Structures are given as structure tokens and as C-alpha cells.
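Source file: protein-v1.txt (compact mmCIF, C-alpha atoms)
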```
# COMPACT_ATOMS: atom_id res chain seq x y z
CA MET Q 74 -121.28 -44.33 65.66
CA GLU Q 75 -121.07 -47.94 64.52
CA GLN Q 76 -118.20 -49.35 62.48
CA MET Q 77 -119.31 -51.19 59.35
CA VAL Q 78 -117.13 -53.20 56.98
CA VAL Q 79 -117.88 -53.68 53.29
CA THR Q 80 -115.86 -55.98 51.05
CA GLY Q 81 -115.79 -55.11 47.36
CA ALA Q 82 -116.51 -51.89 45.47
CA GLY Q 83 -118.64 -53.23 42.66
CA PRO Q 84 -122.17 -51.87 42.21
CA VAL Q 85 -123.46 -53.59 45.35
CA GLY Q 86 -120.56 -52.89 47.70
CA TRP Q 87 -120.23 -49.30 46.49
CA THR Q 88 -123.93 -48.61 46.99
CA VAL Q 89 -124.00 -50.24 50.43
CA ALA Q 90 -121.01 -48.14 51.52
CA GLU Q 91 -122.63 -44.94 50.27
CA LEU Q 92 -125.91 -45.67 52.02
CA LEU Q 93 -124.19 -46.55 55.29
CA ALA Q 94 -122.08 -43.40 55.24
CA GLY Q 95 -125.16 -41.37 54.34
CA ALA Q 96 -126.81 -42.73 57.49
CA GLY Q 97 -123.86 -41.58 59.60
CA HIS Q 98 -121.98 -44.87 60.02
CA ARG Q 99 -118.23 -45.25 59.79
CA VAL Q 100 -117.43 -47.56 56.90
CA ARG Q 101 -114.27 -49.49 56.13
CA ILE Q 102 -114.37 -50.72 52.54
CA LEU Q 103 -111.95 -53.49 51.64
CA THR Q 104 -110.75 -53.99 48.07
CA ARG Q 105 -107.56 -55.19 46.43
CA ASN Q 106 -106.75 -51.70 45.17
CA GLY Q 107 -108.15 -49.52 47.92
CA THR Q 108 -110.99 -48.16 45.78
CA GLY Q 109 -114.46 -47.06 46.85
CA PRO Q 110 -116.72 -44.04 47.37
CA ASP Q 111 -115.20 -40.73 48.47
CA SER Q 112 -116.55 -39.73 51.89
CA GLN Q 113 -115.14 -38.56 55.20
CA LEU Q 114 -116.88 -41.52 56.83
CA ILE Q 115 -115.46 -44.10 54.42
CA GLN Q 116 -112.00 -45.55 54.90
CA ARG Q 117 -110.76 -47.23 51.72
CA GLN Q 118 -108.38 -50.01 52.63
CA PRO Q 119 -106.44 -52.35 50.31
CA VAL Q 120 -106.98 -55.87 51.65
CA ASP Q 121 -106.74 -59.31 50.07
CA VAL Q 122 -109.67 -61.21 51.58
CA SER Q 123 -107.94 -64.51 50.85
CA ASP Q 124 -105.43 -63.56 53.59
CA PRO Q 125 -106.99 -64.52 56.96
CA THR Q 126 -104.55 -62.39 58.97
CA ALA Q 127 -105.30 -59.29 56.94
CA VAL Q 128 -109.04 -59.93 57.16
CA THR Q 129 -108.92 -60.38 60.93
CA LYS Q 130 -107.24 -56.99 61.35
CA ALA Q 131 -109.54 -55.25 58.85
CA VAL Q 132 -112.72 -56.47 60.55
CA GLU Q 133 -111.74 -55.34 64.05
CA GLY Q 134 -114.47 -53.34 65.78
CA ALA Q 135 -117.14 -54.08 63.18
CA SER Q 136 -120.75 -54.69 64.15
CA ALA Q 137 -121.68 -55.86 60.64
CA VAL Q 138 -119.79 -57.04 57.57
CA PHE Q 139 -121.28 -56.80 54.09
CA HIS Q 140 -119.43 -59.31 51.95
CA CYS Q 141 -119.94 -58.09 48.38
CA ILE Q 142 -116.90 -59.36 46.50
CA HIS Q 143 -117.02 -61.68 43.55
CA ALA Q 144 -114.63 -63.49 41.24
CA ALA Q 145 -114.08 -63.98 37.52
CA TYR Q 146 -117.18 -65.34 35.83
CA ASN Q 147 -116.33 -69.02 35.67
CA ALA Q 148 -116.98 -71.98 37.91
CA ASP Q 149 -113.31 -72.81 38.50
CA ALA Q 150 -112.54 -69.32 39.79
CA TRP Q 151 -115.63 -69.33 41.99
CA ARG Q 152 -114.76 -72.72 43.47
CA ARG Q 153 -111.14 -71.69 44.03
CA GLU Q 154 -111.69 -68.23 45.51
CA LEU Q 155 -115.14 -67.69 46.97
CA PRO Q 156 -115.35 -70.39 49.70
CA ARG Q 157 -111.98 -69.40 51.12
CA SER Q 158 -112.79 -65.69 51.26
CA GLU Q 159 -116.17 -66.37 52.85
CA GLN Q 160 -114.66 -68.57 55.53
CA ASN Q 161 -112.07 -65.90 56.32
CA ILE Q 162 -114.78 -63.27 56.67
CA LEU Q 163 -117.03 -65.52 58.75
CA ALA Q 164 -114.21 -66.41 61.14
CA ALA Q 165 -113.08 -62.80 61.57
CA ALA Q 166 -116.62 -61.47 62.00
CA GLY Q 167 -117.44 -64.22 64.48
CA ARG Q 168 -114.57 -63.13 66.72
CA GLU Q 169 -116.01 -59.59 66.71
CA GLY Q 170 -119.59 -60.71 67.32
CA ALA Q 171 -120.58 -59.22 63.99
CA VAL Q 172 -123.22 -60.43 61.56
CA VAL Q 173 -122.17 -61.12 57.97
CA VAL Q 174 -124.61 -60.12 55.25
CA PHE Q 175 -124.26 -61.58 51.76
CA PRO Q 176 -125.83 -60.54 48.47
CA GLU Q 177 -126.88 -63.78 46.77
CA SER Q 178 -128.11 -64.89 43.36
CA LEU Q 179 -130.85 -67.22 42.15
CA TYR Q 180 -128.33 -69.71 40.76
CA SER Q 181 -128.81 -72.25 43.54
CA TYR Q 182 -132.59 -72.52 43.09
CA SER Q 183 -133.26 -76.04 41.89
CA LYS Q 184 -136.79 -75.51 40.57
CA PRO Q 185 -136.46 -72.28 38.57
CA GLU Q 186 -139.37 -73.23 36.35
CA GLN Q 187 -141.59 -72.33 39.31
CA VAL Q 188 -142.00 -68.88 40.84
CA MET Q 189 -139.05 -68.73 43.24
CA THR Q 190 -139.84 -67.84 46.85
CA GLU Q 191 -137.79 -67.74 50.03
CA ALA Q 192 -139.10 -71.23 50.89
CA GLY Q 193 -138.09 -72.75 47.56
CA PRO Q 194 -135.46 -75.50 47.27
CA ARG Q 195 -131.87 -74.38 46.79
CA ASP Q 196 -130.11 -77.60 45.86
CA ALA Q 197 -128.79 -76.96 42.33
CA THR Q 198 -125.65 -78.89 41.42
CA GLY Q 199 -122.80 -78.55 38.97
CA GLY Q 200 -120.86 -75.55 37.70
CA LYS Q 201 -121.56 -72.10 39.07
CA ARG Q 202 -124.97 -73.18 40.36
CA GLY Q 203 -123.42 -75.84 42.55
CA VAL Q 204 -120.87 -73.37 43.94
CA ARG Q 205 -123.68 -71.09 45.10
CA THR Q 206 -125.47 -74.03 46.74
CA ASP Q 207 -122.31 -74.98 48.62
CA LEU Q 208 -121.73 -71.40 49.79
CA LEU Q 209 -125.24 -71.20 51.21
CA LYS Q 210 -124.77 -74.49 53.05
CA ALA Q 211 -121.46 -73.31 54.52
CA ARG Q 212 -123.09 -70.10 55.79
CA GLU Q 213 -125.86 -72.13 57.38
CA ALA Q 214 -123.29 -74.29 59.15
CA SER Q 215 -121.23 -71.36 60.44
CA PRO Q 216 -121.54 -70.30 64.09
CA THR Q 217 -121.30 -66.68 62.92
CA PRO Q 218 -124.73 -65.12 62.29
CA THR Q 219 -125.43 -64.54 58.61
CA VAL Q 220 -128.12 -63.24 56.30
CA SER Q 221 -128.20 -64.00 52.56
CA VAL Q 222 -130.26 -61.58 50.48
CA VAL Q 223 -131.13 -62.96 47.06
CA SER Q 224 -131.57 -60.72 44.05
CA ALA Q 225 -132.51 -61.31 40.45
CA ASP Q 226 -130.42 -59.89 37.58
CA PHE Q 227 -129.10 -56.44 38.42
CA PHE Q 228 -129.78 -53.11 36.85
CA GLY Q 229 -129.10 -49.61 38.11
CA PRO Q 230 -126.24 -47.16 38.65
CA ARG Q 231 -122.75 -48.69 38.42
CA VAL Q 232 -124.06 -51.93 36.95
CA LEU Q 233 -121.75 -52.75 34.05
CA GLN Q 234 -121.47 -56.49 33.56
CA SER Q 235 -125.10 -57.53 33.51
CA GLN Q 236 -127.79 -58.43 31.01
CA MET Q 237 -129.08 -54.87 31.48
CA GLY Q 238 -125.78 -53.09 31.99
CA GLU Q 239 -123.25 -51.73 29.52
CA ARG Q 240 -124.56 -53.92 26.71
CA VAL Q 241 -127.94 -52.19 26.84
CA VAL Q 242 -128.36 -48.84 28.63
CA PRO Q 243 -125.74 -46.70 26.80
CA ARG Q 244 -126.94 -48.18 23.50
CA VAL Q 245 -130.54 -47.22 24.32
CA ILE Q 246 -129.43 -43.66 25.05
CA ALA Q 247 -127.54 -43.58 21.75
CA GLY Q 248 -130.53 -44.90 19.80
CA ARG Q 249 -128.78 -48.08 18.73
CA ARG Q 250 -130.24 -51.53 18.20
CA ILE Q 251 -130.26 -53.78 21.27
CA SER Q 252 -129.38 -57.48 21.30
CA VAL Q 253 -130.56 -59.58 24.23
CA ILE Q 254 -129.83 -63.21 24.97
CA GLY Q 255 -132.59 -65.80 24.91
CA SER Q 256 -136.10 -64.44 24.60
CA ALA Q 257 -136.97 -60.74 24.49
CA ASP Q 258 -140.58 -61.44 25.44
CA THR Q 259 -140.41 -63.91 28.32
CA PRO Q 260 -141.15 -62.71 31.90
CA HIS Q 261 -137.98 -62.22 33.90
CA SER Q 262 -137.27 -60.70 37.31
CA PHE Q 263 -134.83 -57.78 37.59
CA THR Q 264 -133.62 -56.20 40.83
CA TYR Q 265 -132.64 -52.55 41.14
CA VAL Q 266 -129.28 -52.47 42.94
CA PRO Q 267 -130.16 -49.72 45.47
CA ASP Q 268 -133.13 -51.88 46.56
CA LEU Q 269 -130.75 -54.79 47.18
CA ALA Q 270 -128.37 -52.54 49.12
CA ALA Q 271 -131.21 -51.20 51.28
CA ALA Q 272 -132.32 -54.77 52.05
CA LEU Q 273 -128.80 -55.82 53.03
CA ILE Q 274 -128.51 -52.91 55.47
CA THR Q 275 -131.97 -53.41 56.95
CA ALA Q 276 -131.31 -57.14 57.43
CA ALA Q 277 -128.04 -56.44 59.25
CA ARG Q 278 -129.89 -54.31 61.80
CA ASP Q 279 -132.67 -56.81 62.52
CA GLU Q 280 -131.60 -59.85 64.53
CA ARG Q 281 -135.00 -61.44 63.87
CA VAL Q 282 -133.98 -62.16 60.25
CA TRP Q 283 -130.45 -63.38 60.96
CA ASN Q 284 -129.62 -66.89 59.81
CA THR Q 285 -132.22 -66.76 57.05
CA VAL Q 286 -132.36 -66.36 53.29
CA LEU Q 287 -134.34 -63.33 52.16
CA HIS Q 288 -135.31 -61.85 48.80
CA ALA Q 289 -134.43 -58.29 47.88
CA PRO Q 290 -137.46 -56.13 47.04
CA THR Q 291 -138.06 -56.79 43.35
CA LEU Q 292 -140.77 -55.52 41.01
CA ARG Q 293 -143.09 -57.91 39.22
CA ALA Q 294 -141.41 -59.74 36.38
CA ILE Q 295 -141.24 -57.98 33.02
CA THR Q 296 -139.66 -58.88 29.70
CA GLN Q 297 -136.29 -57.72 28.49
CA ARG Q 298 -138.09 -55.74 25.79
CA GLN Q 299 -140.19 -53.96 28.41
CA LEU Q 300 -137.15 -53.01 30.48
CA VAL Q 301 -135.42 -51.64 27.38
CA ALA Q 302 -138.58 -49.61 26.69
CA ALA Q 303 -138.51 -48.25 30.26
CA PHE Q 304 -134.92 -47.08 29.76
CA ALA Q 305 -135.87 -45.43 26.47
CA LYS Q 306 -138.81 -43.62 28.04
CA ALA Q 307 -136.63 -42.42 30.91
CA ALA Q 308 -134.03 -41.19 28.41
CA GLY Q 309 -136.65 -39.43 26.27
CA VAL Q 310 -135.62 -41.33 23.15
CA PRO Q 311 -137.54 -43.64 20.79
CA THR Q 312 -137.69 -47.27 21.88
CA PRO Q 313 -134.96 -49.07 19.93
CA ASN Q 314 -135.33 -52.26 17.97
CA VAL Q 315 -134.68 -55.28 20.20
CA VAL Q 316 -133.24 -58.44 18.66
CA ALA Q 317 -133.04 -61.74 20.56
CA VAL Q 318 -129.92 -63.88 20.22
CA PRO Q 319 -131.22 -67.47 20.35
CA GLY Q 320 -129.79 -69.94 22.81
CA TRP Q 321 -128.54 -72.28 20.10
CA PHE Q 322 -126.32 -69.52 18.74
CA VAL Q 323 -124.90 -68.81 22.20
CA ARG Q 324 -124.12 -72.51 22.55
CA VAL Q 325 -122.29 -72.51 19.23
CA LEU Q 326 -120.27 -69.45 20.23
CA GLY Q 327 -119.52 -71.14 23.54
CA ARG Q 328 -117.34 -73.64 21.74
CA VAL Q 329 -114.80 -70.92 21.01
CA GLN Q 330 -115.60 -68.01 23.37
CA PRO Q 331 -115.06 -68.59 27.13
CA LEU Q 332 -117.66 -66.05 28.27
CA MET Q 333 -120.34 -67.52 26.02
CA ARG Q 334 -119.39 -70.97 27.28
CA GLU Q 335 -120.07 -69.80 30.84
CA LEU Q 336 -123.43 -68.34 29.81
CA THR Q 337 -124.69 -71.61 28.32
CA GLU Q 338 -125.09 -73.08 31.81
CA LEU Q 339 -127.60 -70.35 32.61
CA LEU Q 340 -129.52 -70.01 29.37
CA TYR Q 341 -132.57 -71.46 31.09
CA GLN Q 342 -132.86 -68.13 32.90
CA MET Q 343 -133.23 -66.17 29.65
CA GLU Q 344 -135.10 -68.65 27.45
CA HIS Q 345 -137.94 -69.45 29.85
CA PRO Q 346 -139.91 -67.52 32.49
CA PHE Q 347 -137.58 -66.78 35.40
CA ILE Q 348 -139.56 -65.19 38.20
CA MET Q 349 -138.68 -64.34 41.80
CA ASP Q 350 -141.29 -63.32 44.37
CA SER Q 351 -140.08 -61.05 47.18
CA THR Q 352 -143.42 -60.41 48.90
CA ALA Q 353 -142.60 -62.26 52.14
CA SER Q 354 -139.23 -60.55 52.59
CA GLU Q 355 -140.65 -57.13 51.81
CA GLN Q 356 -143.11 -57.64 54.65
CA ARG Q 357 -140.42 -58.82 57.06
CA LEU Q 358 -138.06 -55.97 56.22
CA GLY Q 359 -140.66 -53.24 55.80
CA LEU Q 360 -139.33 -52.38 52.35
CA ALA Q 361 -140.75 -52.08 48.85
CA PRO Q 362 -139.10 -52.00 45.43
CA THR Q 363 -138.44 -48.67 43.75
CA PRO Q 364 -141.04 -47.98 41.03
CA LEU Q 365 -139.69 -48.86 37.59
CA PRO Q 366 -139.91 -45.34 36.08
CA GLU Q 367 -137.86 -43.95 39.00
CA ALA Q 368 -135.31 -46.77 38.85
CA ALA Q 369 -134.97 -46.50 35.07
CA ALA Q 370 -134.48 -42.73 35.27
CA ALA Q 371 -131.74 -43.05 37.91
CA THR Q 372 -130.01 -45.68 35.79
CA VAL Q 373 -130.13 -43.56 32.63
CA ASN Q 374 -128.93 -40.47 34.50
CA TRP Q 375 -125.95 -42.35 35.92
CA TRP Q 376 -124.92 -43.50 32.45
CA ARG Q 377 -125.28 -40.00 31.06
CA ASP Q 378 -123.19 -38.54 33.90
CA ARG Q 379 -120.58 -41.22 33.27
CA SER Q 380 -120.45 -40.33 29.60
CA VAL Q 381 -120.03 -36.65 30.35
CA ALA Q 382 -117.28 -37.36 32.88
CA GLY Q 383 -115.48 -39.55 30.34
CA ARG Q 384 -115.33 -36.67 27.84
CA ARG Q 385 -113.72 -34.23 30.27
```

Show me the file's structure as C-alpha cells.
Amino acid sequence: MEQMVVTGAGPVGWTVAELLAGAGHRVRILTRNGTGPDSQLIQRQPVDVSDPTAVTKAVEGASAVFHCIHAAYNADAWRRELPRSEQNILAAAGREGAVVVFPESLYSYSKPEQVMTEAGPRDATGGKRGVRTDLLKAREASPTPTVSVVSADFFGPRVLQSQMGERVVPRVIAGRRISVIGSADTPHSFTYVPDLAAALITAARDERVWNTVLHAPTLRAITQRQLVAAFAKAAGVPTPNVVAVPGWFVRVLGRVQPLMRELTELLYQMEHPFIMDSTASEQRLGLAPTPLPEAAAATVNWWRDRSVAGRR
């Protein structure tokens, strides 16, 4: 029985840990507060990944490390925290002979106006985009084997802070109006989190894809309005009215609201077509994206279960 290590218990780390335990692996999940899924095969361990000594001890015996932590949504926090934690993980995993698998975003892609493929340029600079570029370069330079699996915007169970998370799904279920940023009718790629988790695990097991950048299985691009409609259909409710918040308004709000200020850097993703192609990686990994009706239903059901649990 292999020992796996997962850092972070957000939607990606949590799902990876559950899938690994479901496949019979021992899992050590590292978070600041010792949180994570409840399973006899999962050891929840409070660890600060900025502490190299603590990381070294926590990674002992691992054959693979899934580094799924993040930081506060601003470039300064990313630049301050993420490189250090990644270097600690890479060093510790390297001593164990373990591969490190990273979920990655599309932020570093420097020609997002084109359909983004695994072969596309990843040289974006400045702000959060530049941080992601630097992280990818540091992984490439590391002697520890790595795999970076890129996803588009998340949706799915446990996804809260996302364009299609808590701002949308519970409101669809409640029959309330939906506000989306940018354009409601521009093609955009969305990745179902369990598909990303499955790709991370498959990549860790296949040495042929180590030291590469892959794309998580992702359905063809749809609009924000179409994804809202899919949630409504899955919930058995009328499709709500969808209102687009224009980019200029987000920029104005960004002068006084820190979160909106951080979003302005990435408005290009929501105002224009933003499309990722995962065909090549699907073929290499032998995976396919979950059909949208199935993914939407699982997402809606998770939110409904969460609501019921909250009322107990």
C-alpha cells in the first residue's frame, strides 16, 4: 500500500485525497489546521509548508506528493508564499524519490487569445500571471520529477471561490438572478474538479508524463449563460435571468475594493473567448471529461446536501 501526501484541503486537495483513499492508498493530508476528508486511510496532519523541517518529516515515505495549496488572492501573497512552499516540497520529495504533481492554472499562457494547448507559450509577465510563469520555470529547473496539470476555471463539489461557485450555484437553486463578470455569451473553458483530480493521480502513476505540462480533461468551451442553464436543468428549476457585469464597472470598483482590483488583471479571461484544448493530454492519460449533465448534477447535489447539513 503506497503512501501518498496531499497538501491543502481545498476542493482539489480534498478530492484528490478522497480518490486516493478510495483506491486503497494511505494518504497523509497536510494543512495548517489538520483538516481534510474523514477516512481510515487518511491521516490529517497540521503542517506549515513554509517550514522546511516540518515538510521534510511530513513527506517521509511518500511515493507521490500532490501540492494543492494556495494563498490569498493577490500577487504579493503569491510571490511571498508560493515559491517558498513549492521549493520546500520539491526538496523534501526529491529526498524521498517522489514525484510532485501540481494543479496549475491558465494564468501563465501568454497568447490567451488563441486556443490554448499544451504546446502553447507560457511566458506571461506581471502580477499573478508572472508568478505562475515563474513557478512553472522553477519546477522545470528542479531535479525532482514534477508534473503540472493545467485546468480552466473550476466548478464542482466543494468549489466555493470561483466564477461558478458560491456566487452562482446556490443562487440558481434558489431561483435568484445571476450576475457574471465580463460577458455572459462568450465561449469559456470550465474544468470539473473531479476530472482535474483524476488527471493529477493518473499523471503521478505514469513516469512517461513526468516533467511535462498537461491539460486536465475539459469539455468544449461553453458560455457562462450555458453553464448556468446546465445547473438549472440539473436542479429542476427554471433557468434564471443572467446579467453580465461589464469590465469597466469592475475596474471602477477595483479602485476601492481589493478583490475587484485583483480581478481587473484577469478580465481578459471573461470578456473575450478563453478556450483551452485538452485533447492531447486526454489521449496521453487515457481520460475523458465528465459529461456536463452529470457534472452539473453532482455539483447541484453537493450544494443541496451542504444546505441541508447547515440547517441541522

Non-local contacts of stretch 199-204 of chain Q (7 Å; all atoms listed in the file; under 4 positions in same chain excluded) as an mmCIF file with C-alpha atoms, in the frame of the given file:
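Saved the output as around10.cif:
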```cif
data_model
loop_
_atom_site.group_PDB
_atom_site.id
_atom_site.type_symbol
_atom_site.label_atom_id
_atom_site.label_comp_id
_atom_site.auth_asym_id
_atom_site.auth_seq_id
_atom_site.Cartn_x
_atom_site.Cartn_y
_atom_site.Cartn_z
ATOM 1 C CA ASN Q 147 -116.330 -69.020 35.670
ATOM 2 C CA ALA Q 148 -116.980 -71.980 37.910
ATOM 3 C CA TRP Q 151 -115.630 -69.330 41.990
ATOM 4 C CA ARG Q 152 -114.760 -72.720 43.470
ATOM 5 C CA TYR Q 180 -128.330 -69.710 40.760
ATOM 6 C CA SER Q 181 -128.810 -72.250 43.540
ATOM 7 C CA LEU Q 208 -121.730 -71.400 49.790
#
```

Give me, as CSV, the closest atom pair and its distance (Å, one decimal) for every residue of stretch 144-218 of chain Q within a cut-off of 10 Å of stretch 74-92 of chain Q, counting all atoms listed in the file, rows sorted by chain and rising number.
```
residue,atom,partner,partner_atom,distance
Q:Ile162,CA,Q:Thr80,CA,9.3
Q:Ala166,CA,Q:Val78,CA,9.7
Q:Ala171,CA,Q:Met77,CA,9.4
Q:Val173,CA,Q:Val78,CA,9.4
Q:Val174,CA,Q:Val79,CA,9.5
Q:Pro176,CA,Q:Val85,CA,8.0
```

For atom CA of Q:Val325 and atom CA of Q:Met237, determine how far apart the two atoms are, in Å to one decimal place. 22.5 Å

Residues at most 12 Å from Q:Ser224, counting only C-alpha atoms, excluding those fewer than 6 positions away in the same chain, as a VMD selection string? chain Q and resid 85 175 to 182 189 to 191 262 to 273 286 to 292 348 to 351 354 362

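Among the candidates Q:Pro119, Q:Pro156, Q:Gly167, Q:Gly107, the residue lying nearest to Q:Ser136 is Q:Gly167 (atoms considered: all atoms listed in the file).
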
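The coordinates place atom CA of Q:Phe347 at 7.3 Å from atom CA of Q:Val188.
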
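Rounded to one decimal, atom CA of Q:Ala368 and atom CA of Q:Ile295 lie 14.0 Å from each other.
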
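Considering the residues Q:His261, Q:Arg377, Q:Arg281, Q:Arg101 and counting all atoms listed in the file, Q:His345 has its shortest atom-to-atom contact with Q:His261.
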
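Every protein, DNA or RNA residue with an atom at most 8 Å from Q:Ala308, where only C-alpha atoms count and chain neighbours fewer than 2 positions away do not, is listed here: Ile246, Phe304, Ala305, Lys306, Val310, Ala370, Val373 and Asn374 of chain Q.
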
Neighbour list for Q:Glu280 as an NGL selection string, cut-off 10 Å, all atoms listed in the file, skip fewer than 3 positions in-chain: :Q and (172 or 218-220 or 275-277 or 283-284)

Which residue gives the smallest distance to Q:Glu169 among Q:Val241, Q:Val138, Q:Val100, Q:Leu209, with all atoms listed in the file counted? Q:Val138
